[in-house]
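Structure file final23.cif; described as mmCIF, C-alpha atoms.
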data_my_file
#
loop_
_atom_site.label_atom_id
_atom_site.label_comp_id
_atom_site.auth_asym_id
_atom_site.auth_seq_id
_atom_site.Cartn_x
_atom_site.Cartn_y
_atom_site.Cartn_z
CA MET A 1 -35.30 13.33 107.08
CA GLN A 2 -35.99 11.83 103.68
CA LEU A 3 -36.14 8.05 103.76
CA LEU A 4 -34.28 6.48 100.85
CA CYS A 5 -34.79 3.42 98.69
CA PRO A 6 -32.04 0.82 99.35
CA GLU A 7 -31.68 0.09 95.64
CA CYS A 8 -31.87 3.39 93.83
CA ARG A 9 -31.72 5.94 96.69
CA GLY A 10 -35.03 7.35 95.46
CA MET A 11 -37.65 8.67 97.83
CA LEU A 12 -39.74 6.16 99.75
CA VAL A 13 -43.43 6.78 100.31
CA SER A 14 -45.94 4.91 102.41
CA THR A 15 -49.69 5.01 102.86
CA ASP A 16 -50.13 2.58 105.74
CA GLY A 17 -46.83 2.73 107.60
CA LEU A 18 -46.36 -1.02 107.11
CA SER A 19 -44.94 -1.06 103.61
CA ALA A 20 -43.05 1.53 101.63
CA THR A 21 -42.80 2.02 97.90
CA CYS A 22 -40.01 3.64 95.98
CA ALA A 23 -41.28 6.65 94.08
CA VAL A 24 -38.65 6.07 91.37
CA HIS A 25 -38.74 2.40 90.44
CA GLY A 26 -41.80 1.22 92.37
CA GLY A 27 -40.02 -1.34 94.52
CA LYS A 28 -41.90 -2.36 97.63
CA TYR A 29 -40.34 -2.84 101.04
CA GLN A 30 -41.69 -3.98 104.36
CA ILE A 31 -41.16 -1.40 107.09
CA LEU A 32 -39.74 -3.17 110.13
CA PHE A 33 -39.06 0.10 111.94
CA SER A 34 -39.22 3.79 111.17
CA ARG A 35 -38.19 6.60 113.48
CA HIS A 36 -39.71 9.22 111.19
CA ALA A 37 -43.02 9.36 109.40
CA PHE A 38 -42.92 8.37 105.77
CA PRO A 39 -44.27 10.92 103.32
CA ALA A 40 -47.69 9.88 102.09
CA ALA A 41 -47.87 8.43 98.65
CA ALA A 42 -49.40 10.51 95.93
CA THR A 43 -52.74 9.30 94.60
CA SER A 44 -50.63 7.09 92.41
CA VAL A 45 -46.96 6.45 92.84
CA VAL A 46 -46.61 5.81 89.15
CA THR A 47 -46.88 8.25 86.31
CA PRO A 48 -50.22 8.54 84.49
CA VAL A 49 -51.01 5.58 82.26
CA PRO A 50 -48.46 5.64 79.46
CA THR A 51 -49.75 5.53 75.95
CA LEU A 52 -48.81 2.83 73.54
CA SER A 53 -47.28 3.96 70.27
CA ALA A 54 -48.83 2.62 67.09
CA GLY A 55 -47.32 -0.62 65.90
CA ALA A 56 -45.47 -1.24 69.18
CA VAL A 57 -44.45 -4.86 69.77
CA CYS A 58 -44.11 -6.74 73.04
CA THR A 59 -40.67 -6.41 74.66
CA ARG A 60 -40.47 -10.14 75.38
CA HIS A 61 -42.27 -11.34 72.23
CA PRO A 62 -41.04 -9.19 69.32
CA GLY A 63 -43.40 -10.91 66.87
CA VAL A 64 -46.53 -10.06 68.85
CA THR A 65 -48.24 -6.68 68.79
CA ALA A 66 -48.28 -5.04 72.22
CA ALA A 67 -51.71 -4.66 73.80
CA PHE A 68 -50.75 -2.48 76.77
CA ALA A 69 -47.94 -0.39 78.19
CA CYS A 70 -46.63 -1.15 81.67
CA ASN A 71 -47.83 1.48 84.15
CA ILE A 72 -44.45 1.50 85.92
CA CYS A 73 -41.79 1.29 83.24
CA ALA A 74 -43.93 2.00 80.12
CA LYS A 75 -42.62 -1.09 78.31
CA PRO A 76 -45.02 -2.40 75.67
CA ILE A 77 -46.44 -5.81 76.68
CA CYS A 78 -48.70 -8.35 75.01
CA ASN A 79 -51.71 -10.07 76.59
CA VAL A 80 -49.53 -12.96 77.73
CA CYS A 81 -47.01 -10.77 79.55
CA ASP A 82 -49.64 -8.48 81.06
CA PHE A 83 -50.23 -8.70 84.82
CA ALA A 84 -53.58 -6.98 85.26
CA GLN A 85 -53.84 -4.97 88.51
CA PRO A 86 -56.93 -4.61 90.72
CA ASP A 87 -57.10 -0.91 89.88
CA GLY A 88 -57.30 -1.69 86.16
CA GLY A 89 -53.64 -0.98 85.54
CA HIS A 90 -51.17 -3.17 83.70
CA ARG A 91 -47.68 -4.27 84.67
CA CYS A 92 -44.92 -6.11 82.85
CA PRO A 93 -43.55 -9.32 84.44
CA ASP A 94 -40.49 -7.54 85.87
CA CYS A 95 -42.43 -4.77 87.59
CA ALA A 96 -45.05 -7.25 88.80
CA GLN A 97 -42.34 -9.40 90.38
CA ARG A 98 -40.75 -6.39 92.07
CA GLY A 99 -44.09 -5.41 93.47
CA ALA A 100 -44.60 -8.85 95.00
CA ILE A 101 -45.69 -9.10 98.58
CA ALA A 102 -42.88 -8.47 101.03
CA ALA A 103 -41.39 -11.20 103.14
CA PRO A 104 -43.40 -12.00 106.23
CA VAL A 105 -42.36 -10.51 109.57
CA LEU A 106 -39.76 -12.70 111.17
CA ALA A 107 -40.95 -13.94 114.52
CA PRO A 108 -39.10 -16.12 117.01
CA PRO A 109 -40.27 -19.75 116.90
CA VAL A 110 -42.71 -20.83 119.61
CA GLN A 111 -41.24 -23.61 121.73
CA SER A 112 -43.35 -26.49 122.91
CA PHE A 113 -42.22 -29.25 125.22
CA PRO A 114 -43.49 -32.75 125.81
CA ALA A 115 -46.05 -32.98 128.56
CA GLY A 116 -44.56 -33.44 132.00
CA VAL A 117 -41.22 -31.76 131.31
CA ARG A 118 -40.23 -29.97 134.51
CA CYS A 119 -37.83 -27.23 135.38
CA VAL A 120 -34.47 -28.58 136.58
CA GLN A 121 -34.43 -26.11 139.48
CA HIS A 122 -38.13 -26.26 140.39
CA VAL A 123 -39.31 -29.79 139.86
CA ASN A 124 -42.90 -28.95 140.72
CA LEU A 125 -43.19 -26.43 137.86
CA ASN A 126 -43.60 -27.16 134.15
CA ALA A 127 -40.79 -26.06 131.88
CA THR A 128 -41.55 -23.13 129.64
CA ALA A 129 -38.17 -22.66 127.96
CA GLN A 130 -34.93 -24.46 127.19
CA CYS A 131 -31.47 -23.05 127.79
CA LYS A 132 -29.84 -22.14 124.51
CA ILE A 133 -26.40 -23.09 125.79
CA CYS A 134 -26.74 -26.26 127.86
CA GLY A 135 -30.23 -27.38 126.86
CA ALA A 136 -31.58 -27.51 130.43
CA PHE A 137 -35.33 -27.09 130.80
CA MET A 138 -36.41 -24.15 132.93
CA CYS A 139 -39.52 -22.42 134.17
CA SER A 140 -40.36 -18.77 133.49
CA THR A 141 -38.75 -17.72 136.77
CA CYS A 142 -35.42 -19.32 135.93
CA ALA A 143 -35.24 -18.18 132.32
CA PHE A 144 -32.86 -15.27 131.69
CA GLU A 145 -33.99 -13.58 128.49
CA LEU A 146 -31.34 -11.87 126.38
CA PRO A 147 -31.99 -9.52 123.44
CA GLY A 148 -33.42 -11.42 120.52
CA GLY A 149 -35.51 -13.83 122.57
CA ILE A 150 -32.55 -16.00 123.60
CA LYS A 151 -33.13 -17.71 126.94
CA ILE A 152 -30.44 -19.17 129.13
CA CYS A 153 -30.55 -20.88 132.52
CA PRO A 154 -29.24 -19.30 135.74
CA SER A 155 -26.13 -21.52 135.71
CA CYS A 156 -25.06 -20.48 132.24
CA ALA A 157 -25.93 -16.84 132.90
CA THR A 158 -23.87 -16.59 136.07
CA ASN A 159 -21.08 -19.00 135.21
CA PRO A 160 -20.61 -19.22 131.46
CA ARG A 161 -18.70 -22.23 130.19
CA THR A 162 -15.37 -21.45 128.71
CA ALA A 163 -14.12 -25.01 128.23
CA ILE A 164 -13.84 -26.25 124.70
CA SER A 165 -16.07 -29.06 123.48
CA PRO A 166 -14.81 -32.67 123.37
CA LYS A 167 -14.73 -32.63 119.57
CA ARG A 168 -12.56 -29.54 119.45
CA LYS A 169 -10.35 -30.99 122.19
CA ARG A 170 -9.81 -34.18 120.14
CA MET A 171 -8.92 -32.15 117.06
CA LEU A 172 -6.51 -30.05 119.10
CA ILE A 173 -4.76 -33.11 120.52
CA ALA A 174 -4.53 -34.65 117.06
CA SER A 175 -3.11 -31.41 115.68
CA PHE A 176 -0.45 -31.32 118.40
CA GLY A 177 0.31 -34.99 117.83
CA LEU A 178 0.81 -34.50 114.12
CA ALA A 179 2.95 -31.41 114.70
CA GLY A 180 5.12 -33.37 117.12
CA TRP A 181 5.47 -36.23 114.65
CA CYS A 182 6.44 -33.89 111.82
CA THR A 183 8.95 -32.15 114.05
CA MET A 184 10.59 -35.49 114.85
CA VAL A 185 10.76 -36.38 111.16
CA LEU A 186 12.27 -32.99 110.36
CA ALA A 187 14.81 -33.40 113.15
CA ALA A 188 15.70 -36.86 111.83
CA MET A 189 16.09 -35.42 108.36
CA PHE A 190 18.44 -32.70 109.50
CA ALA A 191 20.32 -35.17 111.66
CA GLY A 192 21.08 -37.15 108.54
CA VAL A 193 19.08 -40.25 109.41
CA PHE A 194 17.85 -40.47 105.84
CA HIS A 195 21.20 -39.68 104.30
CA GLY A 196 22.22 -43.31 104.04
CA MET A 197 19.09 -44.21 102.10
CA SER A 198 19.71 -42.17 98.97
CA HIS A 199 22.45 -43.87 97.02
CA SER A 200 20.92 -43.62 93.59
CA LYS A 201 18.51 -41.34 91.82
CA ALA A 202 15.72 -43.86 92.25
CA ASP A 203 16.45 -43.97 95.97
CA GLN A 204 16.29 -40.20 96.18
CA GLU A 205 13.00 -40.18 94.35
CA ALA A 206 11.60 -42.81 96.68
CA LEU A 207 12.87 -40.86 99.67
CA GLY A 208 11.15 -37.77 98.35
CA TYR A 209 7.84 -39.59 98.15
CA LEU A 210 8.39 -41.06 101.61
CA LEU A 211 9.02 -37.64 103.10
CA MET A 212 5.94 -36.32 101.38
CA PHE A 213 3.78 -38.93 103.03
CA ILE A 214 5.34 -38.81 106.47
CA LEU A 215 5.89 -35.07 106.66
CA ILE A 216 3.87 -32.94 104.26
CA VAL A 217 0.60 -34.83 104.47
CA PRO A 218 0.57 -35.04 108.30
CA SER A 219 1.47 -31.36 108.61
CA MET A 220 -1.30 -30.43 106.20
CA ILE A 221 -3.76 -32.52 108.17
CA GLY A 222 -2.47 -31.06 111.43
CA LEU A 223 -2.82 -27.53 110.06
CA ALA A 224 -6.37 -28.23 108.89
CA MET A 225 -7.27 -29.65 112.30
CA GLY A 226 -5.76 -26.69 114.06
CA LEU A 227 -7.75 -24.32 111.89
CA GLY A 228 -10.85 -26.44 112.47
CA CYS A 229 -10.52 -25.98 116.23
CA ILE A 230 -10.58 -22.23 115.93
CA ASP A 231 -14.14 -20.89 115.90
CA ARG A 232 -14.67 -17.16 115.96
CA ARG A 233 -18.07 -17.57 117.58
CA LEU A 234 -16.69 -19.52 120.55
CA SER A 235 -13.81 -19.05 122.96
CA ASN A 236 -10.40 -19.95 121.57
CA ASN A 237 -7.38 -20.46 123.77
CA MET A 238 -3.71 -19.98 122.98
CA THR A 239 -3.02 -23.71 122.51
CA MET A 240 -5.19 -23.77 119.40
CA TRP A 241 -3.17 -21.00 117.84
CA ILE A 242 0.07 -22.72 118.86
CA ALA A 243 -0.99 -25.97 117.20
CA THR A 244 -2.03 -24.16 114.03
CA VAL A 245 1.09 -22.04 113.77
CA TRP A 246 3.36 -25.00 114.60
CA ASN A 247 1.90 -27.09 111.77
CA GLY A 248 1.93 -24.10 109.48
CA LEU A 249 5.59 -23.44 110.13
CA ILE A 250 6.51 -27.06 109.50
CA LEU A 251 4.57 -27.18 106.26
CA GLY A 252 5.81 -23.79 105.14
CA GLY A 253 9.37 -24.60 106.06
CA PHE A 254 9.38 -27.86 104.17
CA ILE A 255 7.83 -26.28 101.09
CA LEU A 256 10.53 -23.61 101.28
CA LEU A 257 13.19 -26.32 101.40
CA ILE A 258 11.68 -27.93 98.31
CA ILE A 259 11.74 -24.62 96.46
CA VAL A 260 15.33 -23.95 97.47
CA GLY A 261 16.27 -27.44 96.38
CA LEU A 262 14.62 -26.98 93.00
CA LEU A 263 16.30 -23.63 92.46
CA ARG A 264 19.70 -25.03 93.24
CA GLN A 265 19.38 -27.82 90.67
CA MET B 266 -23.40 -10.65 124.03
CA GLY B 267 -22.83 -10.16 120.28
CA LEU B 268 -25.11 -11.37 117.51
CA LYS B 269 -23.97 -11.49 113.93
CA ILE B 270 -25.23 -12.02 110.40
CA SER B 271 -22.36 -12.97 108.10
CA ASN B 272 -22.39 -13.17 104.32
CA ASN B 273 -18.79 -13.88 103.49
CA SER B 274 -17.38 -15.32 100.34
CA LEU B 275 -13.91 -15.85 98.90
CA LEU B 276 -13.58 -12.30 97.67
CA SER B 277 -16.00 -10.39 99.82
CA ARG B 278 -16.81 -9.93 103.46
CA ASN B 279 -20.16 -8.60 104.60
CA TYR B 280 -21.51 -8.79 108.11
CA LEU B 281 -23.88 -7.08 110.47
CA SER B 282 -23.23 -7.36 114.17
CA VAL B 283 -25.57 -6.27 116.97
CA ASP B 284 -24.40 -5.77 120.52
CA SER B 285 -25.35 -3.74 123.53
CA GLY B 286 -23.54 -0.66 122.20
CA GLY B 287 -25.03 -0.56 118.74
CA VAL B 288 -24.73 -1.99 115.28
CA GLN B 289 -21.53 -2.73 113.39
CA PHE B 290 -21.67 -3.07 109.62
CA TYR B 291 -18.84 -4.27 107.42
CA ASP B 292 -18.88 -4.57 103.64
CA SER B 293 -15.91 -5.23 101.44
CA SER B 294 -15.84 -6.70 97.94
CA GLY B 295 -12.59 -7.91 96.43
CA PHE B 296 -10.09 -5.19 96.97
CA THR B 297 -12.54 -2.40 97.74
CA ILE B 298 -13.93 -1.64 101.13
CA SER B 299 -17.15 0.29 100.87
CA SER B 300 -18.24 0.35 104.49
CA ALA B 301 -15.46 -1.17 106.50
CA GLY B 302 -16.30 -1.55 110.15
CA ARG B 303 -18.86 1.24 110.44
CA ARG B 304 -20.44 1.40 113.85
CA PHE B 305 -23.73 3.10 114.70
CA PRO B 306 -25.60 3.50 117.98
CA PHE B 307 -29.21 2.39 117.86
CA ASP B 308 -30.63 5.88 118.16
CA GLU B 309 -29.01 6.95 114.89
CA ILE B 310 -30.86 4.36 112.81
CA ALA B 311 -33.73 6.08 111.04
CA CYS B 312 -35.47 3.08 109.54
CA VAL B 313 -35.14 -0.63 108.92
CA LEU B 314 -36.62 -2.20 105.80
CA MET B 315 -36.93 -5.70 104.37
CA SER B 316 -37.11 -6.23 100.63
CA PRO B 317 -39.07 -9.08 98.99
CA ASP B 318 -35.77 -10.78 98.13
CA ASN B 319 -34.76 -10.90 101.81
CA LYS B 320 -32.37 -8.00 101.94
CA LEU B 321 -32.35 -6.15 105.21
CA SER B 322 -31.57 -2.45 104.92
CA PHE B 323 -31.15 0.27 107.47
CA GLN B 324 -30.66 3.99 107.00
CA VAL B 325 -28.39 6.28 109.00
CA GLU B 326 -28.53 9.93 108.02
CA ASN B 327 -28.33 9.81 104.22
CA GLU B 328 -26.65 6.44 103.96
CA VAL B 329 -28.34 3.11 103.44
CA PHE B 330 -26.71 -0.20 104.33
CA THR B 331 -27.97 -3.52 103.02
CA ILE B 332 -27.23 -7.11 103.89
CA GLU B 333 -28.79 -10.28 102.58
CA VAL B 334 -30.50 -12.42 105.22
CA ASN B 335 -31.93 -15.91 105.27
CA PRO B 336 -35.42 -15.93 106.81
CA GLU B 337 -35.05 -19.66 107.54
CA ASP B 338 -31.86 -19.19 109.57
CA ALA B 339 -32.52 -19.03 113.30
CA VAL B 340 -29.44 -16.92 113.94
CA HIS B 341 -30.48 -14.35 111.35
CA LYS B 342 -33.96 -14.17 112.85
CA THR B 343 -32.48 -13.70 116.30
CA VAL B 344 -30.20 -10.92 115.13
CA ILE B 345 -33.01 -9.09 113.36
CA ASN B 346 -35.29 -9.37 116.37
CA ALA B 347 -32.53 -8.16 118.67
CA LEU B 348 -31.82 -5.22 116.37
CA LEU B 349 -35.46 -4.18 116.24
CA GLN B 350 -35.90 -4.61 119.98
CA GLU B 351 -32.92 -2.39 120.77
CA ILE B 352 -33.91 0.27 118.23
CA ARG B 353 -37.47 0.38 119.53
CA ARG B 354 -36.15 0.75 123.06
CA THR B 355 -34.21 3.86 122.01
CA ALA B 356 -37.27 5.18 120.23
CA SER B 357 -39.61 4.79 123.23
CA PRO B 358 -40.42 7.90 125.28
CA ALA B 359 -38.88 6.33 128.38
CA ALA B 360 -35.56 6.15 126.63
CA ALA B 361 -35.75 9.73 125.43
#
Hey, can you dump this file as structure tokens for me?
Amino acid sequence: MQLLCPECRGMLVSTDGLSATCAVHGGKYQILFSRHAFPAAATSVVTPVPTLSAGAVCTRHPGVTAAFACNICAKPICNVCDFAQPDGGHRCPDCAQRGAIAAPVLAPPVQSFPAGVRCVQHVNLNATAQCKICGAFMCSTCAFELPGGIKICPSCATNPRTAISPKRKRMLIASFGLAGWCTMVLAAMFAGVFHGMSHSKADQEALGYLLMFILIVPSMIGLAMGLGCIDRRLSNNMTMWIATVWNGLILGGFILLIIVGLLRQ
Amino acid sequence: MGLKISNNSLLSRNYLSVDSGGVQFYDSSGFTISSAGRRFPFDEIACVLMSPDNKLSFQVENEVFTIEVNPEDAVHKTVINALLQEIRRTASPAAA
């Protein structure tokens, strides 16, 4: 199978099996894994040294006569733009940057613990890892290693926590509280509690502002809190969705009423 | 357990998810969906490359999929290590 360049879909070649070079544009890539052998690079992955035409000027400095032509892209370059290569070749700044050393191999961080930290299960053994979920220190026997170097303790591995955190719980309660408040205000509005307050146009305007502050703003805050509780990476229960939808319906309903009111005027 | 690299923005959604069954790749920009929800088992991945500008690419058959990663992000590092570990396990003779 031909291995392809991610940028230009050209052919990738490799001499050492650790890095690959695109045969088309010369881009270098670090090989993290390859199931198939890469084709060996030709003696040079670039075309023979391009010649410089007479009177050619540097691509980046039009007023300066070009001294070399880039071995990769054949652009004329001056002495300032030239990146001399160990093999005597020349590269323009763009090709030199593309051929920069690849990112280092990503390795999991090495954990170190203060002296005397013991395993919570085996107090006579030093801790060698920390649970990713609950933070408990554990020895090498207790550590359950998951793909990617993630270590968790026996408690979290056998009985994963599904309860939501205190912060999310507070936000959920606040969201429900605000939804309940807005529902009461809406009920009062439909029951005509505010009817007696709007005798004049100024009163109606004031009532509008009042409703905005006691209904729209709390429902917006409640909706934001409900959405803040929901985290795709964690477990979400039905109450979070109920709080979010409840606030959303109140806000949406009131905005709809405003629109209907404006259209009827 | 699922591990995920997400590069989402207002108009695009791009993520790579690794789990015990394989790799899921999703890429949509604006109103186009180029690789929506493609799923590949580990033994179909031919190679995994990293570009100097921190773009992780993997090839399946004649298709190449790329996602930008952050080498400083612990989650991204974990996902990449998990991906390589699972692919190497399918490539070992014992798994054959």
Report task. Check what the PyMOL selection byres ((chain B) within 9 of (chain A)) selects in the file above and give those residues as a PyMOL selection string. Result -> chain B and resi 266+268+284-285+308+310-319+322-324+326-331+336+339+342-353+356
Report task. Please provide the set of residues having any atom within 9 Å of B:Gly286, restricted to all atoms listed in the file, with same-chain residues fewer than 6 positions apart removed, written as a list in words. Result -> Phe305, Pro306 and Phe307 of chain B
Query raised in the report: By how many Å are atom CA of A:Lys132 and atom CA of A:Ser155 apart?
Result: 11.8 Å
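Applied to the file shown here, the PyMOL selection byres ((chain A and resi 179) around 7) selects the residues A:Ser175, A:Phe176, A:Gly177, A:Leu178, A:Gly180, A:Trp181, A:Cys182, A:Thr183, A:Ser219, A:Gly222, A:Trp246, A:Asn247.
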Serialized selection, C-alpha atoms, as a tab-separated table (two decimals), in the frame of the given file:
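See again.tsv below for the written result:
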chain	number	residue	atom	x	y	z
A	175	SER	CA	-3.11	-31.41	115.68
A	176	PHE	CA	-0.45	-31.32	118.40
A	177	GLY	CA	0.31	-34.99	117.83
A	178	LEU	CA	0.81	-34.50	114.12
A	180	GLY	CA	5.12	-33.37	117.12
A	181	TRP	CA	5.47	-36.23	114.65
A	182	CYS	CA	6.44	-33.89	111.82
A	183	THR	CA	8.95	-32.15	114.05
A	219	SER	CA	1.47	-31.36	108.61
A	222	GLY	CA	-2.47	-31.06	111.43
A	246	TRP	CA	3.36	-25.00	114.60
A	247	ASN	CA	1.90	-27.09	111.77
Query raised in the report: Quick one: residues within 10 Å of stretch 73-80 of chain A, all atoms listed in the file counted, chain neighbours fewer than 4 positions away excluded, as a PyMOL selection string?
Result: chain A and resi 24-26+46-47+49-53+56-62+64-69+84+90-95
Query raised in the report: Near stretch 256-261 of chain A, within 12 Å and counting only C-alpha atoms, which residues show up once chain neighbours fewer than 3 positions away are dropped, as a PyMOL selection string?
Result: chain A and resi 186+189-190+208+211-212+216+248-253+264-265
Query raised in the report: If you apply the PyMOL selection byres ((chain B and resi 304) around 6) to this file, what residues do you get, as a VMD selection string?
Result: chain B and resid 288 to 289 303 305
Requested in this report: For atom CA of B:Asn272 and atom CA of A:Leu12, quote the distance in Å rounded to one decimal.
Outcome: 26.4 Å
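The interatomic distance for the pair atom CA of A:Glu205 and atom CA of A:Ala187 works out to 20.1 Å.
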